[in-house]
Amino acid sequence: MAVRRTSAGVLAAAALAMLLGVPPVTAQRPDDLALPPRDIFPAERCGTGDARLRQLGLRPRTAIAPGQAVSFRQDPPVLTSDFAGTVVLHDFTVVGDVPSVRFRLADESSEVETWARVSTRQVGGHLVSVFEPSWSGTAIDRVLMGTRWGWDQLGVYWGELLMEGVEPGLGRSVYLRMALANMPRVQVRRLAADVQYSSHVVNIVMPGFGDGYIDDDYGFDLAGVTSRFYQYFGDSYDSIAVVPESIFIANYSAFHQNVQNAVTGIGLSVFDNSVSYGSQSHRLRSVELFNGYSLSRHVTSAHEISHQWGAYIDWTRLTGLTRAGHQPSSHDPLWADGETITGAVLAPTRRVRRGAAGWVIEQTPAPIRFHPYALYAMGLIAKESVPQITLFDEQGQFDPRTSSTPNAGVAVTGLTRTATIFNVIGMIGERSGPVDSEWHRATVIVSRDRLLTQAEMDYWTFSARRLEDPNGLGVVGFDGAGSFEVANGRGIDLHTDIRPLTAPAFVESFDVDYPRFGQRDWRDVVFDSEVPSHYRVGDRIQLSGVVNARDRSDINTIIIRLWKSGGTTADAIQVQAPVSSRSSFVADIPIEGSRAGVYEMEVFLFWPGSGTQFSRAALSPIVID
């Protein structure tokens with residue numbers, strides 16, 4: 001019985017396709033090879049370079065062109081796997097007089113649909129068209145088929161927006177937030193009609209927040225948010241992460257904006273604008289904006305924090321290298337001798353090694369770590385510990401618009417040149433300045449017209465708490481990324497707790513390392529009990545439950561498979577079990593030797609004559625050690 005897959009990564013999908021004798025899948029999934037060319041996976045789409053150039057006055061403000069989408073509000077604000085109601089994208093705003101737009105749902109069989117405009121209005125002196133697209137619960141079935149999400153990725157790719165003249169496959173991606181059933185319920189206290197907080201998140205209502213985005217694609221009033229924050233919370237944070245409740249159709253998932261810098265020798269000038277952001281103590285050093293669900297991912301969080309110190313070396317001035325890739329002025333070039341979390345060309349999950357016949361791509365082993373140049377800029381290692389690096393002349397040979405994750409074994413071609421940290425020091429001087437052992441970040445969710453619901457506060461509080469890796473266990477996600485602390489070699493510890501000025505801080509404990517999955521977190525299946533996310537080699541995974549798929553009443557077989565991150569079919573742990581006439585099943589999965597790793601757990605359903613299938617749902621991470 002054959003299965004189809006699209007979501008465990010390029011290597012696994014291609015290997016399985018060859019083994020099954022079927023063509024590779026070309027679904028528009030967030031971590032597939034065939035992503036929309038102009039919109040790579042949000043976790044690797046950082047806007048810091050353009051934000052910095054604009055801050056320095058070297059990049060003009062860029063308005064959103066007529067006919068382009070701006071933002072929307074998701075309803076329900078966080079989806080769950082068992083949701084059976086209507087999914088609505090409220091106030092889906094497009095600049096200009098646009099009677100209709102096209103959209104294709106994230107499903108292999110979906111036809112392009114057309115939305116009709118419901119109204120127009122003025123925003124900041126601009127006419128905008130407003131749409132209210134909606135889908136029945138069956139759309140969730142289609143979107144989740146073959147899609148991975150979970151504790152390490154609290155969102156899914158919903159589909160692509162096709163503006164005028166844009167063909168399917170080249171559209172703008174739309175992502176929605178999703179929550180697990182076991183998201184811990186947290187305490188929430190209201191401080192004012194427009195301010196509330198939990199142990200790790202603040203929610204502030206600011207009408208019109210983001211309206212400036214139409215005139216300026218970085219036009220968020222971050223200083224207004226931080227100044228409002230300091231009216232109720234301590235001026236004791238190194239950074240403030242701002243998350244709009246609305247989801248913006250931006251060219252980036254997040255960006256870092258330096259508020260002050262006291263470190264020399266990293267390619268960044270010394271300055272202090274903290275007071276203009278309301279930090280009278282001069283403690284604040286940066287603000288960050290996280291779009292969509294990007295804050296929930298370790299790799300995105302670590303990437304943005306690291307921009308406090310890098311990557312600001314001018315490699316063109318130093319070596320004559322012609323730069324390429326995504327915003328190269330603030331991201332690392334294509335090089336060998338270690339991975340980088342802030343690469344302009346390769347995603348953190350890929351790095352270059354020397355093979356038998358030359359330089360080749362390999363999957364970065366977990367946990368993904370910062371490059372020594374980043375650790376040096378942070379002050380965590382001495383200059384003598386920074387190795388010589390090999391830079392490739394052909395910086396554009398892997399276009400991040402189409403794939404920043406080339407297959408392992410692909411050759412890296414062209415001439416190379418080398419550089420050392422002493423070359424860098426000769427150009428910009430030796431690093432000097434404070435070295436942090438802790439980094440304190442406050443997370444602020446900004447809504448426009450209402451306080452967040454309990455479910456939303458639960459969702460964001462879990463996300464912020466998990467990022468700080470409170471128990472120091474260093475659990476990595478399916479992408480191989482762990483916490484900021486793990487990535488920097490445990491030199492700087494991230495803290496995300498909220499400290500009110502006139503009210504008590506909440507001190508809560510809930511599992512962010514190995515939380516259990518809920519009985520209904522896998523679409524179309526209800527397990528008899530919660531599913532652990534942590535096992536030991538030698539354990540047996542015993543699962544039972546019922547199939548409750550709405551599309552078929554004759555399902556007679558279930559396959560449950562654990563697909564290893566970076567693995568192949570040989571690494572998969574798989575069991576096939578019959579489904580009874582009452583739709584029940586029992587599956588017993590032994591975990592034998594050499595199975596340690598991080599997995600996603602997929603569920604496949606079959607019926608007589610069904611043929612090859614996609615997984616009905618895939619959740620991660622499942623950790624085996």
# chains A, B, ... in the order shown; residues from 1 in each chain; ligands from 1
$ residues_around --residues "Tyr599 of chain A" --least-positions-apart "3" --cutoff "6 Å" --atoms "only C-alpha atoms" --output "number ranges by chain"
A: 562-565, 621-622
$ write_last_selection --atoms "C-alpha atoms" --output "short mmCIF file (atom, residue, chain, number, x, y, z; two decimals), in the first residue's frame"
data_model
loop_
_atom_site.label_atom_id
_atom_site.label_comp_id
_atom_site.auth_asym_id
_atom_site.auth_seq_id
_atom_site.Cartn_x
_atom_site.Cartn_y
_atom_site.Cartn_z
CA LEU A 562 7.16 8.52 11.88
CA TRP A 563 9.30 10.26 9.27
CA LYS A 564 12.74 11.27 10.50
CA SER A 565 14.02 14.78 9.89
CA PRO A 621 8.15 17.20 16.76
CA ILE A 622 8.22 13.63 18.00
#
$ select_by_dssp --residues "segment 346-523 of chain A" --states "alpha helix (DSSP H)" --output "ChimeraX atom specification"
/A:372-378,421-428,454-467,484-487
$ closest_atom_pairs --of "segment 436-546 of chain A" --to "segment 151-159 of chain A" --cutoff "12 Å" --atoms "only C-alpha atoms" --output "JSON lines"
{"residue": "A:Tyr459", "atom": "CA", "partner": "A:Leu154", "partner_atom": "CA", "distance": 8.7}
{"residue": "A:Trp460", "atom": "CA", "partner": "A:Leu154", "partner_atom": "CA", "distance": 10.0}
{"residue": "A:Phe462", "atom": "CA", "partner": "A:Trp151", "partner_atom": "CA", "distance": 9.4}
{"residue": "A:Ser463", "atom": "CA", "partner": "A:Leu154", "partner_atom": "CA", "distance": 8.5}
{"residue": "A:Ala464", "atom": "CA", "partner": "A:Asp152", "partner_atom": "CA", "distance": 12.0}
{"residue": "A:Arg466", "atom": "CA", "partner": "A:Asp152", "partner_atom": "CA", "distance": 9.2}
{"residue": "A:Leu467", "atom": "CA", "partner": "A:Asp152", "partner_atom": "CA", "distance": 10.0}
{"residue": "A:Val475", "atom": "CA", "partner": "A:Asp152", "partner_atom": "CA", "distance": 9.9}
{"residue": "A:Val476", "atom": "CA", "partner": "A:Asp152", "partner_atom": "CA", "distance": 8.2}
{"residue": "A:Gly477", "atom": "CA", "partner": "A:Asp152", "partner_atom": "CA", "distance": 5.3}
{"residue": "A:Phe478", "atom": "CA", "partner": "A:Asp152", "partner_atom": "CA", "distance": 7.2}
{"residue": "A:Asp479", "atom": "CA", "partner": "A:Asp152", "partner_atom": "CA", "distance": 8.6}
{"residue": "A:Gly480", "atom": "CA", "partner": "A:Asp152", "partner_atom": "CA", "distance": 10.1}
{"residue": "A:Ala481", "atom": "CA", "partner": "A:Asp152", "partner_atom": "CA", "distance": 9.2}
{"residue": "A:Gly482", "atom": "CA", "partner": "A:Asp152", "partner_atom": "CA", "distance": 9.5}
{"residue": "A:Ser483", "atom": "CA", "partner": "A:Asp152", "partner_atom": "CA", "distance": 10.9}
{"residue": "A:Asp511", "atom": "CA", "partner": "A:Trp151", "partner_atom": "CA", "distance": 11.1}
{"residue": "A:Val512", "atom": "CA", "partner": "A:Trp151", "partner_atom": "CA", "distance": 8.5}
{"residue": "A:Asp513", "atom": "CA", "partner": "A:Trp151", "partner_atom": "CA", "distance": 9.3}
{"residue": "A:Tyr514", "atom": "CA", "partner": "A:Trp151", "partner_atom": "CA", "distance": 9.0}
{"residue": "A:Pro515", "atom": "CA", "partner": "A:Trp151", "partner_atom": "CA", "distance": 8.0}
{"residue": "A:Arg516", "atom": "CA", "partner": "A:Trp151", "partner_atom": "CA", "distance": 9.4}
{"residue": "A:Phe517", "atom": "CA", "partner": "A:Trp151", "partner_atom": "CA", "distance": 8.6}
{"residue": "A:Gly518", "atom": "CA", "partner": "A:Trp151", "partner_atom": "CA", "distance": 11.4}
{"residue": "A:Asp521", "atom": "CA", "partner": "A:Trp151", "partner_atom": "CA", "distance": 11.0}
{"residue": "A:Ser533", "atom": "CA", "partner": "A:Trp151", "partner_atom": "CA", "distance": 9.6}
$ atom_distance --atom1 "atom CA of Asn488 of chain A" --atom2 "atom CA of Ala179 of chain A"
28.3 Å
$ closest_residue --among "A:Val186, A:Ser239, A:Ser286, A:Trp309" --to "Ser269 of chain A" --atoms "only C-alpha atoms"
A:Trp309
$ closest_atom_pairs --of "segment 276-326 of chain A" --to "segment 206-221 of chain A" --cutoff "12 Å" --atoms "only C-alpha atoms" --output "CSV"
residue,atom,partner,partner_atom,distance
A:Ser276,CA,A:Asp221,CA,11.9
A:Tyr277,CA,A:Asp221,CA,10.1
A:Val287,CA,A:Asp221,CA,10.9
A:Glu288,CA,A:Phe220,CA,10.6
A:Leu289,CA,A:Phe220,CA,8.6
A:Phe290,CA,A:Phe220,CA,11.3
A:Asn291,CA,A:Gly210,CA,11.4
$ residues_around --residues "His200 of chain A" --least-positions-apart "3" --cutoff "10 Å" --atoms "only C-alpha atoms" --output "PyMOL selection string"
chain A and resi 186+197+441-444+457-458+460-466+495-499+505-508
$ closest_residue --among "A:Phe271, A:Tyr373, A:Phe255, A:Phe248" --to "Tyr312 of chain A" --atoms "only C-alpha atoms"
A:Tyr373
$ atom_distance --atom1 "atom CA of Glu438 of chain A" --atom2 "atom CA of Ile313 of chain A"
24.4 Å
$ closest_residue --among "A:Ala302, A:Thr340, A:Arg350, A:Trp335" --to "Gly396 of chain A" --atoms "only C-alpha atoms"
A:Trp335
$ residues_around --residues "segment 583-594 of chain A" --least-positions-apart "5" --cutoff "7 Å" --atoms "only C-alpha atoms" --output "PyMOL selection string"
chain A and resi 537-547+575+577-578
$ write_last_selection --atoms "all heavy atoms" --output "compact mmCIF listing (two decimals), in the first residue's frame"
# COMPACT_ATOMS: atom_id res chain seq x y z
N VAL A 537 14.54 5.04 22.90
CA VAL A 537 14.79 3.84 22.11
C VAL A 537 14.49 2.62 22.98
O VAL A 537 14.90 2.54 24.13
CB VAL A 537 16.25 3.82 21.63
CG1 VAL A 537 16.59 2.47 20.99
CG2 VAL A 537 16.50 4.96 20.65
N GLY A 538 13.73 1.68 22.45
CA GLY A 538 13.29 0.52 23.20
C GLY A 538 11.85 0.61 23.66
O GLY A 538 11.25 -0.41 24.05
N ASP A 539 11.27 1.83 23.60
CA ASP A 539 9.85 1.98 23.95
C ASP A 539 8.98 1.38 22.85
O ASP A 539 9.44 1.08 21.74
CB ASP A 539 9.49 3.46 24.10
CG ASP A 539 10.04 4.09 25.37
OD1 ASP A 539 10.53 3.33 26.23
OD2 ASP A 539 10.00 5.33 25.48
N ARG A 540 7.70 1.23 23.17
CA ARG A 540 6.69 0.86 22.17
C ARG A 540 5.63 1.96 22.17
O ARG A 540 5.14 2.36 23.23
CB ARG A 540 6.05 -0.48 22.49
CG ARG A 540 7.02 -1.64 22.50
CD ARG A 540 6.30 -2.96 22.71
NE ARG A 540 5.65 -3.41 21.49
CZ ARG A 540 6.24 -4.13 20.56
NH1 ARG A 540 7.52 -4.48 20.70
NH2 ARG A 540 5.60 -4.53 19.47
N ILE A 541 5.32 2.46 20.99
CA ILE A 541 4.24 3.43 20.87
C ILE A 541 2.96 2.66 20.61
O ILE A 541 2.81 2.00 19.59
CB ILE A 541 4.53 4.41 19.71
CG1 ILE A 541 5.87 5.12 19.91
CG2 ILE A 541 3.40 5.43 19.59
CD1 ILE A 541 6.27 6.02 18.77
N GLN A 542 2.05 2.73 21.56
CA GLN A 542 0.79 2.02 21.44
C GLN A 542 -0.34 3.03 21.24
O GLN A 542 -0.61 3.84 22.12
CB GLN A 542 0.55 1.15 22.67
CG GLN A 542 1.59 0.05 22.82
CD GLN A 542 1.40 -0.78 24.08
OE1 GLN A 542 1.14 -0.25 25.15
NE2 GLN A 542 1.53 -2.10 23.94
N LEU A 543 -0.93 2.99 20.07
CA LEU A 543 -1.95 3.94 19.71
C LEU A 543 -3.23 3.22 19.31
O LEU A 543 -3.19 2.23 18.58
CB LEU A 543 -1.49 4.81 18.53
CG LEU A 543 -0.22 5.65 18.76
CD1 LEU A 543 0.24 6.27 17.46
CD2 LEU A 543 -0.48 6.73 19.81
N SER A 544 -4.34 3.72 19.78
CA SER A 544 -5.64 3.19 19.38
C SER A 544 -6.61 4.35 19.27
O SER A 544 -6.39 5.43 19.82
CB SER A 544 -6.15 2.18 20.41
OG SER A 544 -6.35 2.79 21.68
N GLY A 545 -7.68 4.14 18.54
CA GLY A 545 -8.65 5.20 18.36
C GLY A 545 -9.65 4.85 17.29
O GLY A 545 -9.83 3.67 16.95
N VAL A 546 -10.30 5.89 16.76
CA VAL A 546 -11.30 5.69 15.71
C VAL A 546 -11.02 6.66 14.57
O VAL A 546 -10.50 7.76 14.77
CB VAL A 546 -12.73 5.90 16.23
CG1 VAL A 546 -13.08 4.85 17.29
CG2 VAL A 546 -12.91 7.30 16.78
N VAL A 547 -11.36 6.23 13.39
CA VAL A 547 -11.30 7.09 12.21
C VAL A 547 -12.63 7.81 12.08
O VAL A 547 -13.69 7.20 12.14
CB VAL A 547 -11.03 6.25 10.95
CG1 VAL A 547 -11.13 7.11 9.70
CG2 VAL A 547 -9.66 5.58 11.04
N VAL A 575 3.82 1.57 10.81
CA VAL A 575 2.97 0.43 11.13
C VAL A 575 1.67 0.56 10.35
O VAL A 575 1.16 1.66 10.16
CB VAL A 575 2.69 0.34 12.65
CG1 VAL A 575 1.88 1.54 13.13
CG2 VAL A 575 1.97 -0.95 12.99
N ALA A 577 -2.29 -0.95 10.19
CA ALA A 577 -3.28 -1.64 11.02
C ALA A 577 -4.64 -1.61 10.34
O ALA A 577 -4.96 -0.65 9.62
CB ALA A 577 -3.37 -0.97 12.40
N PRO A 578 -5.45 -2.64 10.56
CA PRO A 578 -6.79 -2.63 9.98
C PRO A 578 -7.72 -1.70 10.73
O PRO A 578 -7.55 -1.46 11.93
CB PRO A 578 -7.23 -4.09 10.13
CG PRO A 578 -6.47 -4.59 11.32
CD PRO A 578 -5.16 -3.89 11.29
$ residues_around --residues "Gly379 of chain A" --least-positions-apart "4" --cutoff "8 Å" --atoms "only C-alpha atoms" --output "PyMOL selection string"
chain A and resi 375+431+434-436
$ closest_residue --among "A:Pro504, A:Gly278, A:Gly265, A:Gly338" --to "Tyr230 of chain A" --atoms "only C-alpha atoms"
A:Gly278
$ residues_around --residues "segment 88-103 of chain A" --least-positions-apart "2" --cutoff "6 Å" --atoms "only C-alpha atoms" --output "PyMOL selection string"
chain A and resi 66-75+112-117+127-134+160-163
$ atom_distance --atom1 "atom CA of Ser294 of chain A" --atom2 "atom CA of Val78 of chain A"
13.7 Å
